[in-house]
Amino acid sequence: MKFVKILFLFLSLSLTAQQGGMWIPSLLEGMNEQEMQSLGSKLTAQDIYDVNNSSLKDAIAHFGGGCTSEVISPKGLLLTNHHCGFGQIQSHSSLENDYLKDGFWAMSFEEELPNPGLYAEFIVRIEDVTDKVLDGVIDAMTETEKQSKIDGNSNAIQKATQKEEWQDTRIKAFYKGNQYFLFVTERYEDVRLVGAPPSSIGKFGSDTDNWVWPRHTGDFSIFRIYADKDNRPAKYSEDNVPFTPKHFLPVSLDGIEEGDFTMVFGFPGSTDEYLPAVAVEQITQKVNPSNIAIREAALKVMDEYMKSDDKIRIQYASKQARIANYWKKWIGENQGIEKSNAIANKRTLEKEFQQKLKEKELESSYGSLLTDFDKLYAEFEPVNVKRSNFLEVFLRNNELMGAMFRLYQMEQAAGRGEETFKRAQESVQGRMKSAFKDYNVNVDKGIFKAIMPMYTDKVDASIYDKTNFSSEEKTAQILEGNSKEVIKKINKDAAYKYAKPFIEEFYTKLEPEFQRINTEINAVQKKYMKALMEVVPDQRYFPDANSTLRVTYGKVKGYKPKDGMYYKPVTYLDGVMEKYVPGDYEFDVPQKLQDLYKAKDYGQYADANGKLPICFLGTNHTTGGNSGSPAIDANGNLIGLNFDRVWEGTMSDYNYDPEICRNIMVDLRYVLFIIDKYAGANRLIEEMHLVHPKK
Ligand code: ARG
Ligand code: ASP
């Protein structure tokens, strides 16, 4: 008996050590399937991904390309995060109908709100097309020749792929270009807003709690997919009907306990787990710090205006959240890289790699990779840092400069003929028009003054008093006409004159230099990836995230953030009340929620101890893009909604450490409780399939 126990301990030890990874859903058979089952899963690889029968993957949709969502009813009800639907909720909001502040609930199909530009995209099937993509690609070619061969092959494969006329295809590189997969996709473009809690629930804790545990955010919103009469993708139309999915996720009312199996199924955006030490050093010591400083300065201006003026608060809510999110992430990432000794550990691995090359007599093939990296990254540093700062200042934080950037692109388009110009013109007109709804020139000018000095010593804020582009009317006038007229007009404008030399420098110097060196780095990285897998084969290799559908799995589990501390994996409504600060912009609690708390009126959503769970932690390896991903139990039921990671593990995009990397999920019982008890939107609960798998 004792012996068996020891053996078991060994087995589970080696299993917990082996964690992390975002796996390709069509390749789960074998290692992943076994590992999942050893963690408690009852699912087979086919339950998760199947081409011939409906499977879990048919319930998962890429939400607008940046988040994940899942179908939770036979009528196309779609669940995602509040922060994923934030742009839509915000765009329907005004001072009269402040859905950000008060929430929004459609009480009938008719009240569901259309969202132009938003889509939900499903994966029909996945195929390994590596051999065909790399056919004819040989070492003797230059990187440009290789890429053009790869592009040619990819086009041919896509043309030859059998698919329905409303479906699309896409080919993506995996393992740094050592493997390629084809995706057949189906994109639904009529996705309507159905429900959103007030920000005091959906964004509870806001920036203070963002990236942090313990967490108490009800980060969810609800949409619905509409299709044409044949259930196929269609542009918005009044005649469209609720979509019937191939599969929708049943919702578990039994919740989770520490140790339970969880799987997160979604579209992680991008990770870089196989970078050399020198690259991680550059990112954390050069790129992140200057970008953090730029955003910090911009946020300071924005925050002040937002707190003093309700109109500005609504106008800038979405922009502020986007900028604040990665500002804080980079800070956490830097701390985590340092604390986990990631750079030193990578150097150790690199020494070991070099040593093994010698033993295996592979030095002639791979011996120079690491010194190549050193040389390339040294050359890369000034270009990489400056380009990244340019993007922050000109495209992400200052709106006037961003507009000038698009005008510059339009001017370039004019050089390619009147037709090309017309298209660019229309797109700029559209973007500028919608931007004015949420534009405040004082905020933007303040940001300009705060951040421009971080990019250049030529700062001239007087352009804000001279430019025509701060007026919607004048902007429309300037943009009207043929290419000659429009180009002449914009070149007379003070803001355009100011911005143009910087943008020109970006296009003629920064960007080409960046691309040239980056192409070389990528070529070395591709070889290094291959070499690592060959030379150090006992490591755990999973492909970096690339916005394609992935499965990651683990357990509900707490963690030790610091010496002497342990974080439990579940939070409760009691914790919301502990954090409550009346009237605060981050920690206010709606009266109705307080009343429900006082009455302990949790209905069927309380746990066995009569408490209402809010969020929980898991060891699932997630990243940006996984927001809105379903957390699925051992039987394929929905138990949670992924939305964040913990502060100490934010560096998981470069260095996944199973000891402290955790993903944060909202407990689905809290979501249902809010829909039902708080909002009274019972019609939505009735559509769902609620189950009790543990009873
Ligand atoms: N940190 C989460 C993610 O990366 C949630 C962000 C939304 N919340 C916010 N305060 N910006 O997207
Ligand atoms: N909050 C992220 C998202 O929006 C998820 C994460 O980075 O963990 O996708």
# chains A, B, ... in the order shown; residues from 1 in each chain; ligands from 1
>>> residues_around(residues="segment 635-637 of chain A", least_positions_apart="2", cutoff="12 Å", atoms="only C-alpha atoms", output="ChimeraX atom specification")
/A:36-37,40-49,55-57,59,70-72,247-256,260-265,630-633,639-641,668,688-694
>>> residues_near_ligand(ligand="ligand 2", cutoff="6 Å", atoms="only C-alpha atoms and all ligand atoms", output="list of chain:residue names")
A:Cys67, A:Thr622, A:Thr623, A:Gly624, A:Gly625, A:Asn626, A:Ser627, A:Phe643, A:Asp644, A:Arg645
>>> residues_near_ligand(ligand="ligand 1", cutoff="6 Å", atoms="only C-alpha atoms and all ligand atoms", output="PDB file with C-alpha atoms, in the first residue's frame")
ATOM      1  CA  HIS A  83     -14.003  44.040 -21.439  1.00  0.00           C
ATOM      2  CA  SER A 206     -11.004  48.480 -12.703  1.00  0.00           C
ATOM      3  CA  ASP A 207      -7.303  49.262 -13.077  1.00  0.00           C
ATOM      4  CA  ASN A 210      -6.594  44.499 -13.208  1.00  0.00           C
ATOM      5  CA  TRP A 211      -3.969  41.686 -13.477  1.00  0.00           C
ATOM      6  CA  ALA A 321      -8.956  50.799 -20.601  1.00  0.00           C
ATOM      7  CA  ARG A 322      -6.966  49.664 -23.622  1.00  0.00           C
ATOM      8  CA  ALA A 324      -4.024  51.124 -19.077  1.00  0.00           C
ATOM      9  CA  ASN A 325      -4.236  47.385 -19.641  1.00  0.00           C
ATOM     10  CA  GLY A 624      -4.251  37.960 -24.391  1.00  0.00           C
ATOM     11  CA  PHE A 643     -10.571  36.953 -18.317  1.00  0.00           C
ATOM     12  CA  ASP A 644      -7.149  37.599 -16.819  1.00  0.00           C
TER      13      ASP A 644
END
>>> select_by_dssp(residues="segment 426-587 of chain A", states="strand (DSSP E)", output="count of residues only")
9
>>> closest_residue(among="A:Phe223, A:Tyr528, A:Phe380, A:Phe353", to="Tyr274 of chain A", atoms="only C-alpha atoms")
A:Tyr528
>>> closest_atom_pairs(of="segment 101-141 of chain A", to="segment 226-229 of chain A", cutoff="12 Å", atoms="only C-alpha atoms", output="JSON lines")
{"residue": "A:Phe109", "atom": "CA", "partner": "A:Tyr226", "partner_atom": "CA", "distance": 10.6}
{"residue": "A:Glu112", "atom": "CA", "partner": "A:Tyr226", "partner_atom": "CA", "distance": 10.6}
{"residue": "A:Leu113", "atom": "CA", "partner": "A:Tyr226", "partner_atom": "CA", "distance": 11.3}
{"residue": "A:Pro114", "atom": "CA", "partner": "A:Tyr226", "partner_atom": "CA", "distance": 9.7}
{"residue": "A:Asn115", "atom": "CA", "partner": "A:Tyr226", "partner_atom": "CA", "distance": 11.5}
{"residue": "A:Leu118", "atom": "CA", "partner": "A:Tyr226", "partner_atom": "CA", "distance": 11.9}
{"residue": "A:Tyr119", "atom": "CA", "partner": "A:Tyr226", "partner_atom": "CA", "distance": 10.3}
{"residue": "A:Ala120", "atom": "CA", "partner": "A:Tyr226", "partner_atom": "CA", "distance": 10.1}
>>> write_last_selection(atoms="all heavy atoms", output="PDB file, in the first residue's frame")
ATOM      1  N   PHE A 109     -35.946  39.763 -28.279  1.00  0.00           N
ATOM      2  CA  PHE A 109     -35.051  39.712 -29.443  1.00  0.00           C
ATOM      3  C   PHE A 109     -34.982  41.083 -30.128  1.00  0.00           C
ATOM      4  O   PHE A 109     -33.943  41.512 -30.579  1.00  0.00           O
ATOM      5  CB  PHE A 109     -35.546  38.670 -30.455  1.00  0.00           C
ATOM      6  CG  PHE A 109     -35.336  37.248 -29.991  1.00  0.00           C
ATOM      7  CD1 PHE A 109     -36.404  36.471 -29.567  1.00  0.00           C
ATOM      8  CD2 PHE A 109     -34.063  36.699 -29.997  1.00  0.00           C
ATOM      9  CE1 PHE A 109     -36.199  35.165 -29.134  1.00  0.00           C
ATOM     10  CE2 PHE A 109     -33.853  35.392 -29.568  1.00  0.00           C
ATOM     11  CZ  PHE A 109     -34.927  34.617 -29.131  1.00  0.00           C
ATOM     12  N   GLU A 112     -32.351  43.616 -29.020  1.00  0.00           N
ATOM     13  CA  GLU A 112     -30.921  43.298 -29.148  1.00  0.00           C
ATOM     14  C   GLU A 112     -30.280  44.223 -30.184  1.00  0.00           C
ATOM     15  O   GLU A 112     -30.831  44.442 -31.258  1.00  0.00           O
ATOM     16  CB  GLU A 112     -30.759  41.810 -29.496  1.00  0.00           C
ATOM     17  CG  GLU A 112     -31.372  40.949 -28.391  1.00  0.00           C
ATOM     18  CD  GLU A 112     -31.316  39.444 -28.605  1.00  0.00           C
ATOM     19  OE1 GLU A 112     -30.871  38.999 -29.683  1.00  0.00           O
ATOM     20  OE2 GLU A 112     -31.729  38.722 -27.690  1.00  0.00           O
ATOM     21  N   LEU A 113     -29.092  44.772 -29.838  1.00  0.00           N
ATOM     22  CA  LEU A 113     -28.519  45.872 -30.616  1.00  0.00           C
ATOM     23  C   LEU A 113     -27.424  45.432 -31.594  1.00  0.00           C
ATOM     24  O   LEU A 113     -26.437  44.817 -31.183  1.00  0.00           O
ATOM     25  CB  LEU A 113     -27.912  46.912 -29.664  1.00  0.00           C
ATOM     26  CG  LEU A 113     -28.857  47.577 -28.670  1.00  0.00           C
ATOM     27  CD1 LEU A 113     -28.061  48.419 -27.664  1.00  0.00           C
ATOM     28  CD2 LEU A 113     -29.866  48.444 -29.408  1.00  0.00           C
ATOM     29  N   PRO A 114     -27.570  45.768 -32.887  1.00  0.00           N
ATOM     30  CA  PRO A 114     -26.568  45.402 -33.893  1.00  0.00           C
ATOM     31  C   PRO A 114     -25.242  46.148 -33.700  1.00  0.00           C
ATOM     32  O   PRO A 114     -25.215  47.271 -33.178  1.00  0.00           O
ATOM     33  CB  PRO A 114     -27.211  45.799 -35.222  1.00  0.00           C
ATOM     34  CG  PRO A 114     -28.392  46.616 -34.909  1.00  0.00           C
ATOM     35  CD  PRO A 114     -28.727  46.464 -33.465  1.00  0.00           C
ATOM     36  N   ASN A 115     -24.161  45.520 -34.134  1.00  0.00           N
ATOM     37  CA  ASN A 115     -22.823  46.098 -33.973  1.00  0.00           C
ATOM     38  C   ASN A 115     -22.025  45.997 -35.268  1.00  0.00           C
ATOM     39  O   ASN A 115     -21.341  44.999 -35.488  1.00  0.00           O
ATOM     40  CB  ASN A 115     -22.066  45.356 -32.877  1.00  0.00           C
ATOM     41  CG  ASN A 115     -22.792  45.426 -31.567  1.00  0.00           C
ATOM     42  OD1 ASN A 115     -22.821  46.461 -30.913  1.00  0.00           O
ATOM     43  ND2 ASN A 115     -23.438  44.329 -31.196  1.00  0.00           N
ATOM     44  N   LEU A 118     -18.494  44.018 -36.078  1.00  0.00           N
ATOM     45  CA  LEU A 118     -18.203  42.912 -35.152  1.00  0.00           C
ATOM     46  C   LEU A 118     -18.517  41.569 -35.818  1.00  0.00           C
ATOM     47  O   LEU A 118     -19.487  41.454 -36.544  1.00  0.00           O
ATOM     48  CB  LEU A 118     -19.051  43.075 -33.889  1.00  0.00           C
ATOM     49  CG  LEU A 118     -18.866  41.999 -32.808  1.00  0.00           C
ATOM     50  CD1 LEU A 118     -17.450  41.987 -32.269  1.00  0.00           C
ATOM     51  CD2 LEU A 118     -19.858  42.216 -31.673  1.00  0.00           C
ATOM     52  N   TYR A 119     -17.675  40.565 -35.548  1.00  0.00           N
ATOM     53  CA  TYR A 119     -17.973  39.238 -36.095  1.00  0.00           C
ATOM     54  C   TYR A 119     -17.614  38.136 -35.103  1.00  0.00           C
ATOM     55  O   TYR A 119     -16.847  38.348 -34.156  1.00  0.00           O
ATOM     56  CB  TYR A 119     -17.230  39.001 -37.414  1.00  0.00           C
ATOM     57  CG  TYR A 119     -15.729  39.009 -37.312  1.00  0.00           C
ATOM     58  CD1 TYR A 119     -15.040  37.857 -36.923  1.00  0.00           C
ATOM     59  CD2 TYR A 119     -14.984  40.158 -37.586  1.00  0.00           C
ATOM     60  CE1 TYR A 119     -13.658  37.858 -36.817  1.00  0.00           C
ATOM     61  CE2 TYR A 119     -13.603  40.168 -37.479  1.00  0.00           C
ATOM     62  CZ  TYR A 119     -12.947  39.006 -37.092  1.00  0.00           C
ATOM     63  OH  TYR A 119     -11.581  39.017 -36.979  1.00  0.00           O
ATOM     64  N   ALA A 120     -18.189  36.970 -35.330  1.00  0.00           N
ATOM     65  CA  ALA A 120     -17.852  35.771 -34.568  1.00  0.00           C
ATOM     66  C   ALA A 120     -17.447  34.710 -35.582  1.00  0.00           C
ATOM     67  O   ALA A 120     -18.203  34.423 -36.512  1.00  0.00           O
ATOM     68  CB  ALA A 120     -19.056  35.303 -33.757  1.00  0.00           C
TER      69      ALA A 120
END
